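Asker: One file is attached below, work_10.csv, containing CSV, C-alpha atoms.
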```
chain,number,residue,atom,x,y,z
A,1,MET,CA,195.1,61.1,81.3
A,2,SER,CA,196.1,57.4,81.4
A,3,LYS,CA,195.5,55.1,84.3
A,4,GLN,CA,199.3,55.0,85.0
A,5,GLU,CA,199.4,58.8,85.2
A,6,ILE,CA,196.5,59.0,87.6
A,7,GLU,CA,198.0,56.1,89.7
A,8,LYS,CA,201.4,57.9,89.9
A,9,LYS,CA,199.8,61.3,90.8
A,10,LEU,CA,197.6,59.7,93.5
A,11,ALA,CA,200.6,57.8,95.0
A,12,GLN,CA,202.6,61.0,95.2
A,13,LEU,CA,199.6,62.7,96.9
A,14,MET,CA,199.3,59.8,99.4
A,15,ASP,CA,203.0,60.4,100.3
A,16,THR,CA,202.6,64.2,100.5
A,17,VAL,CA,199.7,64.1,102.9
A,18,PRO,CA,200.3,61.6,105.7
A,19,GLU,CA,196.8,62.1,107.1
A,20,CYS,CA,195.3,60.8,103.9
A,21,GLU,CA,194.0,57.3,104.4
A,22,GLY,CA,192.9,56.6,100.9
A,23,LEU,CA,192.7,57.8,97.3
A,24,ILE,CA,190.4,56.4,94.7
A,25,ALA,CA,189.7,57.4,91.1
A,26,ALA,CA,186.6,56.2,89.4
A,27,ASP,CA,184.9,56.9,86.1
A,28,THR,CA,181.5,58.6,86.1
A,29,ASN,CA,179.7,55.2,86.0
A,30,GLY,CA,181.4,54.3,89.3
A,31,LYS,CA,184.0,51.9,87.8
A,32,VAL,CA,187.2,52.1,89.9
A,33,ILE,CA,190.2,53.2,87.8
A,34,VAL,CA,192.7,53.1,90.6
A,35,GLY,CA,192.4,52.9,94.3
A,36,GLN,CA,194.7,52.8,97.3
A,37,THR,CA,193.6,52.7,100.9
A,38,ILE,CA,195.8,52.2,104.0
A,39,VAL,CA,193.4,49.6,105.3
A,40,ASP,CA,191.4,47.1,103.2
A,41,MET,CA,188.3,48.7,101.9
A,42,ASP,CA,185.7,48.0,99.2
A,43,HIS,CA,186.8,50.5,96.6
A,44,ALA,CA,183.8,49.7,94.3
A,45,LYS,CA,181.3,50.4,97.1
A,46,ILE,CA,183.0,53.7,98.0
A,47,ALA,CA,183.2,54.7,94.3
A,48,LYS,CA,179.5,53.9,93.9
A,49,ALA,CA,178.4,56.1,96.8
A,50,CYS,CA,180.7,58.9,95.7
A,51,VAL,CA,179.6,58.9,92.1
A,52,SER,CA,176.0,59.1,93.3
A,53,ILE,CA,176.9,62.1,95.5
A,54,VAL,CA,178.5,63.8,92.6
A,55,LYS,CA,175.5,63.2,90.3
A,56,ASP,CA,173.1,64.5,92.9
A,57,SER,CA,175.3,67.5,93.5
A,58,ASN,CA,175.2,68.3,89.8
A,59,THR,CA,171.4,68.0,89.9
A,60,LEU,CA,171.3,70.3,92.9
A,61,GLY,CA,173.6,72.8,91.1
A,62,THR,CA,171.3,72.8,88.1
A,63,ASP,CA,168.2,73.1,90.3
A,64,ILE,CA,169.5,76.2,92.0
A,65,GLY,CA,171.1,77.7,88.8
A,66,LYS,CA,174.7,77.5,90.1
A,67,GLY,CA,176.3,75.2,87.6
A,68,THR,CA,178.0,71.9,88.1
A,69,LEU,CA,180.0,70.5,91.0
A,70,ARG,CA,183.5,71.6,91.6
A,71,ASN,CA,184.1,69.7,94.8
A,72,THR,CA,182.5,68.5,98.0
A,73,THR,CA,183.9,68.0,101.5
A,74,ILE,CA,182.0,65.5,103.6
A,75,GLU,CA,182.5,65.5,107.4
A,76,LEU,CA,181.7,62.2,109.0
A,77,GLU,CA,181.7,61.3,112.7
A,78,GLU,CA,185.2,59.9,112.5
A,79,GLY,CA,186.8,61.4,109.4
A,80,PHE,CA,186.4,63.2,106.1
A,81,ALA,CA,185.9,62.5,102.4
A,82,VAL,CA,186.8,65.0,99.7
A,83,LEU,CA,185.3,64.5,96.2
A,84,VAL,CA,186.3,66.3,93.0
A,85,GLY,CA,184.2,65.6,90.0
A,86,SER,CA,185.1,66.3,86.3
A,87,GLU,CA,183.4,65.2,83.1
A,88,LYS,CA,185.2,61.9,83.0
A,89,THR,CA,186.4,61.1,86.5
A,90,VAL,CA,185.5,61.3,90.2
A,91,LEU,CA,188.5,61.6,92.5
A,92,ILE,CA,188.0,60.6,96.2
A,93,ALA,CA,190.3,61.3,99.1
A,94,LEU,CA,189.6,59.8,102.6
A,95,ALA,CA,191.1,61.1,105.8
A,96,GLY,CA,190.8,60.4,109.5
A,97,PRO,CA,189.7,62.8,112.2
A,98,ASP,CA,193.2,64.3,112.3
A,99,GLY,CA,192.9,65.2,108.6
A,100,LYS,CA,190.9,68.4,109.1
A,101,ALA,CA,193.9,70.7,108.5
A,102,SER,CA,194.9,68.8,105.4
A,103,LEU,CA,191.5,69.0,103.6
A,104,GLY,CA,192.4,72.2,101.7
A,105,LEU,CA,195.7,70.6,100.5
A,106,LEU,CA,193.9,67.4,99.5
A,107,LYS,CA,191.3,69.4,97.6
A,108,ARG,CA,193.8,71.5,95.7
A,109,ASN,CA,195.8,68.4,94.7
A,110,LEU,CA,192.7,66.5,93.6
A,111,ILE,CA,191.5,69.5,91.5
A,112,SER,CA,195.0,69.8,89.9
A,113,ILE,CA,195.0,66.0,89.1
A,114,SER,CA,191.4,66.3,87.8
A,115,ASN,CA,192.5,69.1,85.4
A,116,LEU,CA,195.4,67.2,83.9
I,1,MET,CA,161.5,71.0,117.4
I,2,SER,CA,158.3,72.4,115.9
I,3,LYS,CA,158.0,73.7,112.4
I,4,GLN,CA,157.5,77.2,113.9
I,5,GLU,CA,160.7,77.0,115.8
I,6,ILE,CA,162.8,75.8,112.8
I,7,GLU,CA,161.2,78.6,110.7
I,8,LYS,CA,162.1,81.2,113.3
I,9,LYS,CA,165.7,80.0,113.6
I,10,LEU,CA,166.2,79.8,109.9
I,11,ALA,CA,164.8,83.3,109.4
I,12,GLN,CA,167.2,84.6,112.1
I,13,LEU,CA,170.1,82.9,110.3
I,14,MET,CA,169.1,84.4,107.0
I,15,ASP,CA,169.2,87.8,108.6
I,16,THR,CA,172.6,87.1,110.2
I,17,VAL,CA,174.4,86.0,107.1
I,18,PRO,CA,173.6,88.3,104.2
I,19,GLU,CA,175.5,86.1,101.7
I,20,CYS,CA,173.0,83.3,102.4
I,21,GLU,CA,170.6,83.0,99.4
I,22,GLY,CA,168.4,80.3,100.8
I,23,LEU,CA,167.6,78.0,103.7
I,24,ILE,CA,165.5,74.9,103.6
I,25,ALA,CA,164.6,72.3,106.2
I,26,ALA,CA,163.3,68.9,105.0
I,27,ASP,CA,162.5,65.6,106.7
I,28,THR,CA,164.6,62.5,105.8
I,29,ASN,CA,162.1,61.5,103.1
I,30,GLY,CA,162.7,64.8,101.3
I,31,LYS,CA,159.5,66.5,102.4
I,32,VAL,CA,160.1,70.2,102.8
I,33,ILE,CA,159.3,71.4,106.3
I,34,VAL,CA,160.1,75.1,105.7
I,35,GLY,CA,162.0,76.9,103.0
I,36,GLN,CA,163.0,80.4,102.2
I,37,THR,CA,165.1,81.5,99.1
I,38,ILE,CA,165.8,85.0,97.9
I,39,VAL,CA,164.8,84.0,94.4
I,40,ASP,CA,162.0,81.7,93.4
I,41,MET,CA,163.3,78.1,93.5
I,42,ASP,CA,161.7,74.6,93.6
I,43,HIS,CA,162.3,73.8,97.2
I,44,ALA,CA,161.0,70.2,96.8
I,45,LYS,CA,163.5,69.4,94.0
I,46,ILE,CA,166.4,70.9,96.1
I,47,ALA,CA,165.3,68.9,99.2
I,48,LYS,CA,165.1,65.7,97.1
I,49,ALA,CA,168.7,66.1,95.8
I,50,CYS,CA,170.0,67.0,99.2
I,51,VAL,CA,168.3,64.2,101.1
I,52,SER,CA,169.8,61.8,98.5
I,53,ILE,CA,173.3,63.3,99.0
I,54,VAL,CA,172.9,62.9,102.8
I,55,LYS,CA,171.8,59.2,102.4
I,56,ASP,CA,174.7,58.4,100.1
I,57,SER,CA,177.1,60.2,102.5
I,58,ASN,CA,175.8,58.0,105.3
I,59,THR,CA,176.4,54.9,103.1
I,60,LEU,CA,179.9,56.1,102.4
I,61,GLY,CA,180.6,56.7,106.1
I,62,THR,CA,179.5,53.2,106.8
I,63,ASP,CA,181.5,51.8,103.9
I,64,ILE,CA,184.7,53.4,105.2
I,65,GLY,CA,184.0,52.7,108.9
I,66,LYS,CA,183.8,56.4,109.8
I,67,GLY,CA,180.2,56.7,111.0
I,68,THR,CA,177.4,58.9,109.8
I,69,LEU,CA,177.4,62.3,108.2
I,70,ARG,CA,177.9,65.4,110.2
I,71,ASN,CA,177.8,67.9,107.4
I,72,THR,CA,178.9,68.4,103.8
I,73,THR,CA,180.0,71.5,101.9
I,74,ILE,CA,179.3,71.5,98.2
I,75,GLU,CA,181.2,73.9,96.0
I,76,LEU,CA,179.5,74.6,92.7
I,77,GLU,CA,180.7,76.7,89.7
I,78,GLU,CA,178.7,79.7,91.0
I,79,GLY,CA,178.0,79.1,94.6
I,80,PHE,CA,177.8,76.8,97.6
I,81,ALA,CA,175.5,74.5,99.4
I,82,VAL,CA,176.0,73.4,103.0
I,83,LEU,CA,174.0,70.4,104.3
I,84,VAL,CA,173.6,69.2,107.8
I,85,GLY,CA,171.9,65.9,108.4
I,86,SER,CA,170.4,64.6,111.6
I,87,GLU,CA,168.2,61.6,112.3
I,88,LYS,CA,165.0,63.5,111.6
I,89,THR,CA,165.9,66.5,109.4
I,90,VAL,CA,168.2,67.7,106.7
I,91,LEU,CA,169.1,71.4,106.8
I,92,ILE,CA,170.2,73.1,103.6
I,93,ALA,CA,171.9,76.5,103.2
I,94,LEU,CA,172.6,78.0,99.8
I,95,ALA,CA,175.1,80.8,99.1
I,96,GLY,CA,176.4,82.6,96.1
I,97,PRO,CA,180.1,82.9,95.0
I,98,ASP,CA,180.6,85.6,97.6
I,99,GLY,CA,179.5,83.2,100.4
I,100,LYS,CA,182.8,81.4,100.7
I,101,ALA,CA,183.9,83.2,103.9
I,102,SER,CA,180.5,82.6,105.5
I,103,LEU,CA,180.4,78.9,105.0
I,104,GLY,CA,181.8,78.1,108.5
I,105,LEU,CA,179.3,80.4,110.1
I,106,LEU,CA,176.4,78.9,108.1
I,107,LYS,CA,177.6,75.4,109.0
I,108,ARG,CA,177.9,76.2,112.8
I,109,ASN,CA,174.5,77.7,112.8
I,110,LEU,CA,172.9,74.8,111.0
I,111,ILE,CA,174.5,72.3,113.3
I,112,SER,CA,173.3,74.3,116.3
I,113,ILE,CA,169.7,74.4,114.9
I,114,SER,CA,169.9,70.7,114.0
I,115,ASN,CA,170.8,69.8,117.6
I,116,LEU,CA,167.9,71.7,119.1
```
Taking this structure as input, can you express it in the form of structure tokens?

Answerer:
Amino acid sequence: MSKQEIEKKLAQLMDTVPECEGLIAADTNGKVIVGQTIVDMDHAKIAKACVSIVKDSNTLGTDIGKGTLRNTTIELEEGFAVLVGSEKTVLIALAGPDGKASLGLLKRNLISISNL
Amino acid sequence: MSKQEIEKKLAQLMDTVPECEGLIAADTNGKVIVGQTIVDMDHAKIAKACVSIVKDSNTLGTDIGKGTLRNTTIELEEGFAVLVGSEKTVLIALAGPDGKASLGLLKRNLISISNL
């Protein structure tokens, strides 16, 4: 999928889920492909941490014989991050504390974009 | 909380949730405190990957201004891992593909043990 296609899909998702505070797509080296956050954030730093989480989750999956990562939902003190990893990209959605009910929707959309 | 107390609580949880295939408690350096899995697994390797995920999740939380990690749910091709991090310990629950409906229960129990 091209950068333009990912950008379009992520922009649509941002419109669909008002609780979503940011969407970032990165390659598996942590290089940001596209990123959009409602407040100014360091997308490269976010991508770096998330790619590292995806790598360690894949390692964990191998260690316990349960295959590679499908997705991960991270609950923080004041919000959430949903990560979906594929062979080529890592998709990241950020949400505030009010985003709990939208996590499933965000996850399903990221998986669908990831499979395009 | 002592090692004996954690061990007792984790053994109780393992009995309560039949879909749970493993429970491991590690310190924040990745040293395994106690571990129990239904099949033979390398608890030290699992703890290492999970402690790394918790660290990166805390970094992510700081990067996006949303505080530290509460918990994370990792969906793999053939199962799940639930991680709860506190200042001193990382608690890890492993479940098979049939464990999806028990993830909330596992998470709540790990949080409660983590807060003891």

Asker: Write out as number ranges by chain every residue belonging to chain A that has an atom at most 12 Å from any atom of chain I, counting all atoms listed in the file.

Answerer: A: 21-22, 37-86, 92-97, 103, 107

Asker: Between I:Gln12, I:Arg108, I:Ala25, I:Cys20, which is the closest to Leu91 (chain I) once you count only C-alpha atoms?

Answerer: I:Ala25

Asker: If chain I is fitted onto chain A by least squares over all C-alpha atoms, taken pair by pair in sequence order, what do its new coordinates look like as a PDB file with C-alpha atoms, in the coordinates of the input?

Answerer:
```pdb
ATOM      1  CA  MET I   1     195.138  61.064  81.336  1.00  0.00           C
ATOM      2  CA  SER I   2     196.152  57.401  81.421  1.00  0.00           C
ATOM      3  CA  LYS I   3     195.472  55.087  84.287  1.00  0.00           C
ATOM      4  CA  GLN I   4     199.260  54.990  84.916  1.00  0.00           C
ATOM      5  CA  GLU I   5     199.451  58.701  85.211  1.00  0.00           C
ATOM      6  CA  ILE I   6     196.480  58.999  87.647  1.00  0.00           C
ATOM      7  CA  GLU I   7     198.031  56.149  89.716  1.00  0.00           C
ATOM      8  CA  LYS I   8     201.366  57.933  89.858  1.00  0.00           C
ATOM      9  CA  LYS I   9     199.816  61.254  90.884  1.00  0.00           C
ATOM     10  CA  LEU I  10     197.627  59.707  93.491  1.00  0.00           C
ATOM     11  CA  ALA I  11     200.552  57.785  94.979  1.00  0.00           C
ATOM     12  CA  GLN I  12     202.564  61.052  95.135  1.00  0.00           C
ATOM     13  CA  LEU I  13     199.643  62.731  96.922  1.00  0.00           C
ATOM     14  CA  MET I  14     199.371  59.915  99.398  1.00  0.00           C
ATOM     15  CA  ASP I  15     203.010  60.384 100.219  1.00  0.00           C
ATOM     16  CA  THR I  16     202.590  64.169 100.548  1.00  0.00           C
ATOM     17  CA  VAL I  17     199.709  64.151 102.948  1.00  0.00           C
ATOM     18  CA  PRO I  18     200.271  61.604 105.694  1.00  0.00           C
ATOM     19  CA  GLU I  19     196.768  62.146 107.156  1.00  0.00           C
ATOM     20  CA  CYS I  20     195.297  60.835 103.885  1.00  0.00           C
ATOM     21  CA  GLU I  21     193.961  57.268 104.467  1.00  0.00           C
ATOM     22  CA  GLY I  22     192.878  56.569 100.941  1.00  0.00           C
ATOM     23  CA  LEU I  23     192.632  57.786  97.363  1.00  0.00           C
ATOM     24  CA  ILE I  24     190.417  56.419  94.670  1.00  0.00           C
ATOM     25  CA  ALA I  25     189.785  57.433  91.078  1.00  0.00           C
ATOM     26  CA  ALA I  26     186.591  56.181  89.368  1.00  0.00           C
ATOM     27  CA  ASP I  27     184.890  56.891  86.048  1.00  0.00           C
ATOM     28  CA  THR I  28     181.431  58.585  86.069  1.00  0.00           C
ATOM     29  CA  ASN I  29     179.689  55.194  86.022  1.00  0.00           C
ATOM     30  CA  GLY I  30     181.378  54.264  89.304  1.00  0.00           C
ATOM     31  CA  LYS I  31     183.993  51.958  87.826  1.00  0.00           C
ATOM     32  CA  VAL I  32     187.158  52.156  89.864  1.00  0.00           C
ATOM     33  CA  ILE I  33     190.133  53.207  87.772  1.00  0.00           C
ATOM     34  CA  VAL I  34     192.739  53.032  90.577  1.00  0.00           C
ATOM     35  CA  GLY I  35     192.457  52.908  94.325  1.00  0.00           C
ATOM     36  CA  GLN I  36     194.753  52.820  97.259  1.00  0.00           C
ATOM     37  CA  THR I  37     193.641  52.744 100.999  1.00  0.00           C
ATOM     38  CA  ILE I  38     195.789  52.191 104.043  1.00  0.00           C
ATOM     39  CA  VAL I  39     193.335  49.616 105.307  1.00  0.00           C
ATOM     40  CA  ASP I  40     191.455  47.072 103.277  1.00  0.00           C
ATOM     41  CA  MET I  41     188.258  48.709 101.949  1.00  0.00           C
ATOM     42  CA  ASP I  42     185.716  47.921  99.167  1.00  0.00           C
ATOM     43  CA  HIS I  43     186.805  50.469  96.660  1.00  0.00           C
ATOM     44  CA  ALA I  44     183.861  49.675  94.312  1.00  0.00           C
ATOM     45  CA  LYS I  45     181.248  50.359  97.039  1.00  0.00           C
ATOM     46  CA  ILE I  46     183.015  53.690  97.960  1.00  0.00           C
ATOM     47  CA  ALA I  47     183.181  54.723  94.255  1.00  0.00           C
ATOM     48  CA  LYS I  48     179.469  53.873  93.822  1.00  0.00           C
ATOM     49  CA  ALA I  49     178.416  56.110  96.771  1.00  0.00           C
ATOM     50  CA  CYS I  50     180.676  58.895  95.676  1.00  0.00           C
ATOM     51  CA  VAL I  51     179.672  58.895  92.025  1.00  0.00           C
ATOM     52  CA  SER I  52     176.029  59.078  93.238  1.00  0.00           C
ATOM     53  CA  ILE I  53     176.847  62.047  95.533  1.00  0.00           C
ATOM     54  CA  VAL I  54     178.569  63.815  92.589  1.00  0.00           C
ATOM     55  CA  LYS I  55     175.502  63.202  90.291  1.00  0.00           C
ATOM     56  CA  ASP I  56     173.070  64.486  92.894  1.00  0.00           C
ATOM     57  CA  SER I  57     175.341  67.521  93.518  1.00  0.00           C
ATOM     58  CA  ASN I  58     175.225  68.255  89.800  1.00  0.00           C
ATOM     59  CA  THR I  59     171.386  68.002  89.903  1.00  0.00           C
ATOM     60  CA  LEU I  60     171.330  70.367  92.833  1.00  0.00           C
ATOM     61  CA  GLY I  61     173.614  72.857  91.065  1.00  0.00           C
ATOM     62  CA  THR I  62     171.286  72.807  88.145  1.00  0.00           C
ATOM     63  CA  ASP I  63     168.221  73.105  90.355  1.00  0.00           C
ATOM     64  CA  ILE I  64     169.596  76.241  92.017  1.00  0.00           C
ATOM     65  CA  GLY I  65     171.076  77.748  88.822  1.00  0.00           C
ATOM     66  CA  LYS I  66     174.658  77.549  90.112  1.00  0.00           C
ATOM     67  CA  GLY I  67     176.241  75.161  87.606  1.00  0.00           C
ATOM     68  CA  THR I  68     177.997  71.880  88.131  1.00  0.00           C
ATOM     69  CA  LEU I  69     179.991  70.545  91.022  1.00  0.00           C
ATOM     70  CA  ARG I  70     183.509  71.604  91.624  1.00  0.00           C
ATOM     71  CA  ASN I  71     184.151  69.665  94.775  1.00  0.00           C
ATOM     72  CA  THR I  72     182.478  68.573  98.004  1.00  0.00           C
ATOM     73  CA  THR I  73     183.850  68.032 101.505  1.00  0.00           C
ATOM     74  CA  ILE I  74     182.064  65.459 103.596  1.00  0.00           C
ATOM     75  CA  GLU I  75     182.541  65.520 107.335  1.00  0.00           C
ATOM     76  CA  LEU I  76     181.742  62.233 109.017  1.00  0.00           C
ATOM     77  CA  GLU I  77     181.691  61.323 112.761  1.00  0.00           C
ATOM     78  CA  GLU I  78     185.255  59.941 112.474  1.00  0.00           C
ATOM     79  CA  GLY I  79     186.766  61.380 109.399  1.00  0.00           C
ATOM     80  CA  PHE I  80     186.453  63.150 106.067  1.00  0.00           C
ATOM     81  CA  ALA I  81     185.930  62.527 102.439  1.00  0.00           C
ATOM     82  CA  VAL I  82     186.789  65.034  99.719  1.00  0.00           C
ATOM     83  CA  LEU I  83     185.366  64.489  96.202  1.00  0.00           C
ATOM     84  CA  VAL I  84     186.267  66.208  93.026  1.00  0.00           C
ATOM     85  CA  GLY I  85     184.171  65.578  89.968  1.00  0.00           C
ATOM     86  CA  SER I  86     185.050  66.235  86.366  1.00  0.00           C
ATOM     87  CA  GLU I  87     183.354  65.201  83.143  1.00  0.00           C
ATOM     88  CA  LYS I  88     185.199  61.899  82.967  1.00  0.00           C
ATOM     89  CA  THR I  89     186.372  61.045  86.509  1.00  0.00           C
ATOM     90  CA  VAL I  90     185.512  61.336  90.142  1.00  0.00           C
ATOM     91  CA  LEU I  91     188.462  61.622  92.534  1.00  0.00           C
ATOM     92  CA  ILE I  92     187.995  60.577  96.144  1.00  0.00           C
ATOM     93  CA  ALA I  93     190.278  61.300  99.123  1.00  0.00           C
ATOM     94  CA  LEU I  94     189.619  59.843 102.550  1.00  0.00           C
ATOM     95  CA  ALA I  95     191.090  61.154 105.821  1.00  0.00           C
ATOM     96  CA  GLY I  96     190.770  60.369 109.456  1.00  0.00           C
ATOM     97  CA  PRO I  97     189.718  62.811 112.270  1.00  0.00           C
ATOM     98  CA  ASP I  98     193.216  64.249 112.258  1.00  0.00           C
ATOM     99  CA  GLY I  99     192.894  65.176 108.537  1.00  0.00           C
ATOM    100  CA  LYS I 100     190.903  68.332 109.085  1.00  0.00           C
ATOM    101  CA  ALA I 101     193.847  70.717 108.503  1.00  0.00           C
ATOM    102  CA  SER I 102     194.850  68.835 105.351  1.00  0.00           C
ATOM    103  CA  LEU I 103     191.534  69.000 103.639  1.00  0.00           C
ATOM    104  CA  GLY I 104     192.413  72.158 101.614  1.00  0.00           C
ATOM    105  CA  LEU I 105     195.649  70.620 100.491  1.00  0.00           C
ATOM    106  CA  LEU I 106     193.934  67.343  99.503  1.00  0.00           C
ATOM    107  CA  LYS I 107     191.256  69.313  97.646  1.00  0.00           C
ATOM    108  CA  ARG I 108     193.838  71.495  95.712  1.00  0.00           C
ATOM    109  CA  ASN I 109     195.754  68.460  94.752  1.00  0.00           C
ATOM    110  CA  LEU I 110     192.723  66.566  93.553  1.00  0.00           C
ATOM    111  CA  ILE I 111     191.526  69.483  91.514  1.00  0.00           C
ATOM    112  CA  SER I 112     194.985  69.820  89.976  1.00  0.00           C
ATOM    113  CA  ILE I 113     195.049  66.060  89.087  1.00  0.00           C
ATOM    114  CA  SER I 114     191.466  66.259  87.797  1.00  0.00           C
ATOM    115  CA  ASN I 115     192.413  69.070  85.392  1.00  0.00           C
ATOM    116  CA  LEU I 116     195.343  67.201  83.912  1.00  0.00           C
TER     117      LEU I 116
END
```

Asker: Calculate how many Å separate CA of Ile113 (chain I) from CA of Val34 (chain I), rounding to one decimal.

Answerer: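 The value is 13.3 Å.
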
Asker: Any idea what the distance is between CA of Ser112 (chain I) and CA of Ser102 (chain A)?

Answerer: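 Distance between the two atoms: 24.8 Å.
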
Asker: Could you please determine the separation between CA of Met14 (chain A) and CA of Ala101 (chain I) in Å, to one decimal place?

Answerer: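 Separation of CA of Met14 (chain A) and CA of Ala101 (chain I): 28.4 Å.
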
Asker: Under the rule that only C-alpha atoms are counted, which of A:Met1, A:Ala11, A:Thr28, A:Thr16 is the nearest residue to Leu106 (chain A)?

Answerer: A:Thr16

Asker: Rank nothing, just name the residue among A:Val90, A:Leu13, A:Ile111, A:Leu116 nearest to Asp27 (chain A), using all atoms listed in the file.

Answerer: A:Val90

Asker: Measuring atom to atom with only C-alpha atoms, identify which of I:Glu87, I:Glu7, I:Asp98, I:Glu19 is nearest to Val32 (chain I).

Answerer: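 Answer, going by the shortest atom-to-atom distance: I:Glu7.
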
Asker: Taking all atoms listed in the file into account, name the residue in A:Val17, A:Lys8, A:Leu23, A:Gly30 that is nearest to Thr89 (chain A).

Answerer: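 Selected residue with least distance to Thr89 (chain A): A:Gly30.
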
Asker: Complete region 107-113 of chain A with all heavy atoms (output as a compact mmCIF listing (two decimals), in the coordinates of the input).

Answerer:
```
# COMPACT_ATOMS: atom_id res chain seq x y z
N LYS A 107 192.18 68.84 98.63
CA LYS A 107 191.30 69.40 97.60
C LYS A 107 192.02 70.00 96.47
O LYS A 107 191.75 69.70 95.30
CB LYS A 107 190.34 70.42 98.30
CG LYS A 107 189.14 70.81 97.49
CD LYS A 107 188.09 71.47 98.36
CE LYS A 107 188.54 72.82 98.86
NZ LYS A 107 187.47 73.48 99.66
N ARG A 108 192.99 70.85 96.79
CA ARG A 108 193.80 71.50 95.70
C ARG A 108 194.49 70.49 94.86
O ARG A 108 194.53 70.62 93.64
CB ARG A 108 194.80 72.46 96.36
CG ARG A 108 194.22 73.79 96.78
CD ARG A 108 195.30 74.84 96.98
NE ARG A 108 196.31 74.44 97.96
CZ ARG A 108 196.15 74.52 99.28
NH1 ARG A 108 195.01 74.98 99.79
NH2 ARG A 108 197.12 74.17 100.10
N ASN A 109 195.06 69.46 95.49
CA ASN A 109 195.80 68.40 94.70
C ASN A 109 194.81 67.64 93.83
O ASN A 109 195.12 67.36 92.68
CB ASN A 109 196.52 67.49 95.65
CG ASN A 109 197.90 68.05 96.00
OD1 ASN A 109 198.82 67.93 95.21
ND2 ASN A 109 198.02 68.68 97.14
N LEU A 110 193.66 67.28 94.38
CA LEU A 110 192.70 66.50 93.60
C LEU A 110 192.23 67.35 92.38
O LEU A 110 192.10 66.85 91.26
CB LEU A 110 191.48 66.10 94.40
CG LEU A 110 191.69 65.03 95.49
CD1 LEU A 110 190.33 64.59 96.04
CD2 LEU A 110 192.43 63.81 94.95
N ILE A 111 191.98 68.65 92.60
CA ILE A 111 191.50 69.50 91.50
C ILE A 111 192.63 69.58 90.45
O ILE A 111 192.35 69.47 89.25
CB ILE A 111 191.24 70.95 92.06
CG1 ILE A 111 189.99 70.92 92.94
CG2 ILE A 111 191.05 71.95 90.92
CD1 ILE A 111 189.74 72.19 93.75
N SER A 112 193.87 69.72 90.89
CA SER A 112 195.00 69.80 89.90
C SER A 112 195.10 68.48 89.15
O SER A 112 195.29 68.51 87.93
CB SER A 112 196.25 70.14 90.73
OG SER A 112 197.35 69.46 90.24
N ILE A 113 194.95 67.33 89.79
CA ILE A 113 195.00 66.00 89.10
C ILE A 113 193.81 65.92 88.12
O ILE A 113 193.94 65.49 86.98
CB ILE A 113 195.02 64.85 90.07
CG1 ILE A 113 196.28 64.91 90.93
CG2 ILE A 113 194.91 63.51 89.34
CD1 ILE A 113 196.30 63.94 92.11
```
